[in-house]
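K.L.:
This is the content of target_1.pdb (PDB, C-alpha atoms):
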```
ATOM      1  CA  MET A   1      78.962 -60.789 193.727
ATOM      2  CA  ASP A   2      77.006 -57.727 192.710
ATOM      3  CA  LYS A   3      73.832 -57.000 194.707
ATOM      4  CA  ARG A   4      71.809 -57.196 191.493
ATOM      5  CA  ASP A   5      73.151 -60.688 190.827
ATOM      6  CA  ALA A   6      72.272 -61.818 194.334
ATOM      7  CA  ILE A   7      68.767 -60.358 194.186
ATOM      8  CA  GLY A   8      67.993 -61.641 190.693
ATOM      9  CA  SER A   9      69.610 -65.063 191.041
ATOM     10  CA  TRP A  10      66.416 -66.680 192.260
ATOM     11  CA  LEU A  11      64.789 -65.899 188.895
ATOM     12  CA  SER A  12      66.999 -68.349 187.014
ATOM     13  CA  GLY A  13      66.413 -71.150 189.512
ATOM     14  CA  PRO A  14      68.638 -73.765 191.133
ATOM     15  CA  ARG A  15      69.549 -75.507 187.867
ATOM     16  CA  ALA A  16      71.060 -72.341 186.381
ATOM     17  CA  ALA A  17      72.960 -71.695 189.598
ATOM     18  CA  ALA A  18      74.332 -75.248 189.566
ATOM     19  CA  GLU A  19      75.330 -74.938 185.892
ATOM     20  CA  GLU A  20      77.181 -71.710 186.675
ATOM     21  CA  ALA A  21      79.024 -73.630 189.386
ATOM     22  CA  GLY A  22      80.177 -76.184 186.800
ATOM     23  CA  VAL A  23      77.659 -79.032 187.158
ATOM     24  CA  ASP A  24      76.973 -80.830 183.860
ATOM     25  CA  PHE A  25      73.369 -82.076 183.584
ATOM     26  CA  GLY A  26      73.690 -83.304 180.025
ATOM     27  CA  TYR A  27      70.808 -83.052 177.596
ATOM     28  CA  ARG A  28      67.211 -84.153 178.048
ATOM     29  CA  GLY A  29      66.869 -87.872 177.414
ATOM     30  CA  GLU A  30      70.552 -88.710 177.799
ATOM     31  CA  GLN A  31      69.875 -90.959 180.801
ATOM     32  CA  LEU A  32      67.178 -92.750 178.795
ATOM     33  CA  GLY A  33      69.530 -93.428 175.887
ATOM     34  CA  LEU A  34      67.704 -91.103 173.495
ATOM     35  CA  PRO A  35      69.396 -88.811 170.965
ATOM     36  CA  GLU A  36      69.816 -85.120 171.729
ATOM     37  CA  GLU A  37      68.167 -83.836 168.526
ATOM     38  CA  GLY A  38      66.063 -85.148 165.666
ATOM     39  CA  PRO A  39      63.795 -88.188 165.456
ATOM     40  CA  GLY A  40      63.609 -90.176 168.676
ATOM     41  CA  SER A  41      64.622 -87.259 170.885
ATOM     42  CA  ILE A  42      62.483 -86.073 173.799
ATOM     43  CA  ALA A  43      59.580 -83.878 172.730
ATOM     44  CA  ARG A  44      59.933 -80.261 173.789
ATOM     45  CA  PRO A  45      57.263 -78.633 175.984
ATOM     46  CA  GLY A  46      56.036 -76.272 173.260
ATOM     47  CA  ARG A  47      55.165 -79.113 170.902
ATOM     48  CA  ARG A  48      53.541 -81.087 173.705
ATOM     49  CA  VAL A  49      51.346 -78.178 174.739
ATOM     50  CA  GLY A  50      50.473 -77.478 171.100
ATOM     51  CA  ALA A  51      49.406 -81.090 170.589
ATOM     52  CA  LEU A  52      47.340 -80.965 173.769
ATOM     53  CA  VAL A  53      45.581 -77.794 172.604
ATOM     54  CA  VAL A  54      44.742 -79.389 169.234
ATOM     55  CA  ASP A  55      43.452 -82.567 170.898
ATOM     56  CA  TRP A  56      41.407 -80.606 173.429
ATOM     57  CA  GLY A  57      39.966 -78.420 170.669
ATOM     58  CA  LEU A  58      38.907 -81.455 168.629
ATOM     59  CA  CYS A  59      37.323 -83.072 171.690
ATOM     60  CA  LEU A  60      35.549 -79.815 172.545
ATOM     61  CA  LEU A  61      34.209 -79.630 169.009
ATOM     62  CA  ILE A  62      32.902 -83.205 169.252
ATOM     63  CA  ALA A  63      31.294 -82.594 172.648
ATOM     64  CA  TYR A  64      29.857 -79.245 171.596
ATOM     65  CA  SER A  65      28.347 -80.371 168.317
ATOM     66  CA  LEU A  66      27.449 -84.035 168.830
ATOM     67  CA  ILE A  67      26.764 -84.534 172.526
ATOM     68  CA  THR A  68      25.517 -81.336 174.166
ATOM     69  CA  ASP A  69      24.219 -79.637 170.992
ATOM     70  CA  GLY A  70      25.548 -76.235 172.033
ATOM     71  CA  TYR A  71      27.473 -74.857 174.941
ATOM     72  CA  THR A  72      26.104 -75.885 178.326
ATOM     73  CA  PRO A  73      27.794 -76.185 181.707
ATOM     74  CA  SER A  74      28.257 -79.911 181.085
ATOM     75  CA  THR A  75      30.172 -79.396 177.821
ATOM     76  CA  SER A  76      33.535 -79.293 179.580
ATOM     77  CA  ASN A  77      32.797 -82.548 181.414
ATOM     78  CA  TRP A  78      31.849 -84.229 178.155
ATOM     79  CA  THR A  79      34.990 -82.800 176.539
ATOM     80  CA  LEU A  80      37.128 -84.438 179.213
ATOM     81  CA  LEU A  81      35.343 -87.762 178.695
ATOM     82  CA  VAL A  82      35.786 -87.569 174.907
ATOM     83  CA  PHE A  83      39.476 -86.670 175.444
ATOM     84  CA  LEU A  84      39.867 -89.711 177.711
ATOM     85  CA  VAL A  85      38.289 -92.051 175.153
ATOM     86  CA  VAL A  86      40.200 -90.614 172.169
ATOM     87  CA  SER A  87      43.510 -90.797 174.047
ATOM     88  CA  LEU A  88      42.880 -94.350 175.217
ATOM     89  CA  LEU A  89      42.003 -95.532 171.735
ATOM     90  CA  THR A  90      44.693 -93.727 169.763
ATOM     91  CA  VAL A  91      47.701 -93.821 172.106
ATOM     92  CA  GLY A  92      46.971 -97.428 173.027
ATOM     93  CA  THR A  93      46.861 -98.539 169.390
ATOM     94  CA  LEU A  94      48.782 -96.054 167.223
ATOM     95  CA  GLY A  95      51.016 -94.371 169.780
ATOM     96  CA  PHE A  96      49.750 -90.860 169.061
ATOM     97  CA  THR A  97      46.630 -88.701 169.132
ATOM     98  CA  PRO A  98      45.621 -86.462 166.210
ATOM     99  CA  GLY A  99      47.319 -83.467 167.861
ATOM    100  CA  LYS A 100      50.513 -85.411 168.511
ATOM    101  CA  ARG A 101      50.577 -86.555 164.887
ATOM    102  CA  ILE A 102      50.154 -82.987 163.624
ATOM    103  CA  PHE A 103      53.065 -81.839 165.798
ATOM    104  CA  GLY A 104      55.224 -84.862 164.915
ATOM    105  CA  LEU A 105      55.151 -86.587 168.304
ATOM    106  CA  ARG A 106      54.681 -90.165 169.430
ATOM    107  CA  VAL A 107      54.373 -91.907 172.792
ATOM    108  CA  VAL A 108      56.674 -94.911 173.159
ATOM    109  CA  SER A 109      57.375 -97.359 175.934
ATOM    110  CA  LEU A 110      60.843 -97.321 177.444
ATOM    111  CA  ASP A 111      60.965-101.121 177.394
ATOM    112  CA  THR A 112      59.494-102.290 174.102
ATOM    113  CA  GLY A 113      58.863 -99.146 172.081
ATOM    114  CA  THR A 114      55.133 -99.776 171.660
ATOM    115  CA  VAL A 115      52.698 -98.650 174.315
ATOM    116  CA  LYS A 116      50.560-101.438 175.720
ATOM    117  CA  PRO A 117      46.879-100.663 176.412
ATOM    118  CA  LEU A 118      47.296-100.884 180.203
ATOM    119  CA  ARG A 119      50.161 -98.392 180.191
ATOM    120  CA  SER A 120      48.174 -96.168 177.868
ATOM    121  CA  ALA A 121      45.243 -96.297 180.299
ATOM    122  CA  ILE A 122      47.457 -95.375 183.262
ATOM    123  CA  ARG A 123      49.035 -92.522 181.326
ATOM    124  CA  THR A 124      45.723 -91.178 180.038
ATOM    125  CA  VAL A 125      43.913 -91.279 183.388
ATOM    126  CA  LEU A 126      46.810 -89.483 185.077
ATOM    127  CA  LEU A 127      46.919 -86.949 182.235
ATOM    128  CA  CYS A 128      43.207 -86.243 182.716
ATOM    129  CA  LEU A 129      43.875 -85.546 186.403
ATOM    130  CA  ALA A 130      46.231 -82.759 185.164
ATOM    131  CA  LEU A 131      48.414 -82.513 188.281
ATOM    132  CA  PRO A 132      50.739 -85.437 187.393
ATOM    133  CA  ALA A 133      51.353 -83.839 183.991
ATOM    134  CA  LEU A 134      52.521 -80.632 185.676
ATOM    135  CA  ILE A 135      55.263 -82.376 187.692
ATOM    136  CA  TRP A 136      58.327 -82.921 185.461
ATOM    137  CA  ASP A 137      61.667 -84.583 185.936
ATOM    138  CA  ARG A 138      64.964 -83.350 184.531
ATOM    139  CA  ASP A 139      64.311 -85.113 181.218
ATOM    140  CA  GLY A 140      61.048 -83.206 180.749
ATOM    141  CA  ARG A 141      58.858 -86.250 181.362
ATOM    142  CA  GLY A 142      55.694 -85.711 183.350
ATOM    143  CA  LEU A 143      54.779 -87.866 186.319
ATOM    144  CA  HIS A 144      52.120 -89.537 184.157
ATOM    145  CA  ASP A 145      54.861 -90.658 181.742
ATOM    146  CA  ARG A 146      57.154 -91.831 184.528
ATOM    147  CA  LEU A 147      54.474 -93.964 186.185
ATOM    148  CA  ALA A 148      53.428 -95.491 182.857
ATOM    149  CA  ARG A 149      57.122 -95.934 181.879
ATOM    150  CA  THR A 150      56.598 -94.080 178.632
ATOM    151  CA  VAL A 151      58.232 -91.131 176.926
ATOM    152  CA  GLU A 152      56.960 -88.717 174.297
ATOM    153  CA  VAL A 153      59.425 -88.432 171.429
ATOM    154  CA  ARG A 154      59.691 -86.652 168.106
ATOM    155  CA  ILE A 155      58.870 -88.650 164.967
TER     156      ILE A 155
END
```
Would you kindly transcribe this structure into structure tokens?
P.N.:
Amino acid sequence: MDKRDAIGSWLSGPRAAAEEAGVDFGYRGEQLGLPEEGPGSIARPGRRVGALVVDWGLCLLIAYSLITDGYTPSTSNWTLLVFLVVSLLTVGTLGFTPGKRIFGLRVVSLDTGTVKPLRSAIRTVLLCLALPALIWDRDGRGLHDRLARTVEVRI
């Protein structure tokens, strides 16, 4: 092994090292029985972040213009509360928020396909805490999705 390979190997991470050794991880969502590409496949991180940015922007606009009437230190707290309410109402009933719909995403239950309000509440509260959403499994599902037994898929 070249010294440059040994020094730079930590950049690619343990998964890349295992794949070079011949381990087959499969594709994201294979263990869940989801297709690799197209409708019903696991949503990619870029789309998920884009949808989150759109949703947060809409909630910020609502908090800024309707609740705090301008930017104050409490605007971000109100934005989080509006985000919580919008997510609870839309994911619990429709399966997607406005941002998710724009980016072609939907939240589905692993068991029945439709997200029940209690699971939507668990998912949304954990998402608002932020840390569970930053911990992912090998399928790309956040801890908030795992605990609510949901998955975000492409429409």
K.L.:
Which of these, A:Leu61, A:Leu81, A:Leu66, A:Leu32, has the shortest distance to Arg149 in chain A once you count only C-alpha atoms?
P.N.:
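Once distances to Arg149 in chain A are computed over only C-alpha atoms, the minimum belongs to A:Leu32.
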K.L.:
At a cut-off of 10 Å, using all atoms listed in the file, what residues contact Leu110 in chain A? Leave out same-chain residues fewer than 6 positions from it and give the result as a list in words.
P.N.:
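Non-adjacent residues within range: Leu32, Gly33, Asp145, Arg146, Ala148, Arg149, Thr150, Val151 and Glu152 of chain A.
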K.L.:
Atoms to include: C-alpha atoms. Write the selected residues as a JSON list (two decimals), keeping the file's coordinate frame.
P.N.:
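File written: selection.json
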```json
[["chain", "number", "residue", "atom", "x", "y", "z"],
["A", 32, "LEU", "CA", 67.18, -92.75, 178.80],
["A", 33, "GLY", "CA", 69.53, -93.43, 175.89],
["A", 145, "ASP", "CA", 54.86, -90.66, 181.74],
["A", 146, "ARG", "CA", 57.15, -91.83, 184.53],
["A", 148, "ALA", "CA", 53.43, -95.49, 182.86],
["A", 149, "ARG", "CA", 57.12, -95.93, 181.88],
["A", 150, "THR", "CA", 56.60, -94.08, 178.63],
["A", 151, "VAL", "CA", 58.23, -91.13, 176.93],
["A", 152, "GLU", "CA", 56.96, -88.72, 174.30]]
```
K.L.:
Which of these residues is nearest to Ile42 in chain A, using all atoms listed in the file: A:Arg138, A:Arg123, A:Lys100, A:Arg28?
P.N.:
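Selected residue with least distance to Ile42 in chain A: A:Arg28.
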K.L.:
To test your reading of the syntax: which residues would the PyMOL selection byres ((chain A and resi 140) around 9) return for the file shown? Reply as a ChimeraX atom specification.
P.N.:
/A:28-29,42-45,136-139,141-142
K.L.:
In terms of the shortest atom-to-atom distance over all atoms listed in the file, which of A:Gly92, A:Val153, A:Ser87, A:His144 is closest to Leu118 in chain A?
P.N.:
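Of A:Gly92, A:Val153, A:Ser87, A:His144, the one nearest Leu118 in chain A, counting all atoms listed in the file, is A:Gly92.
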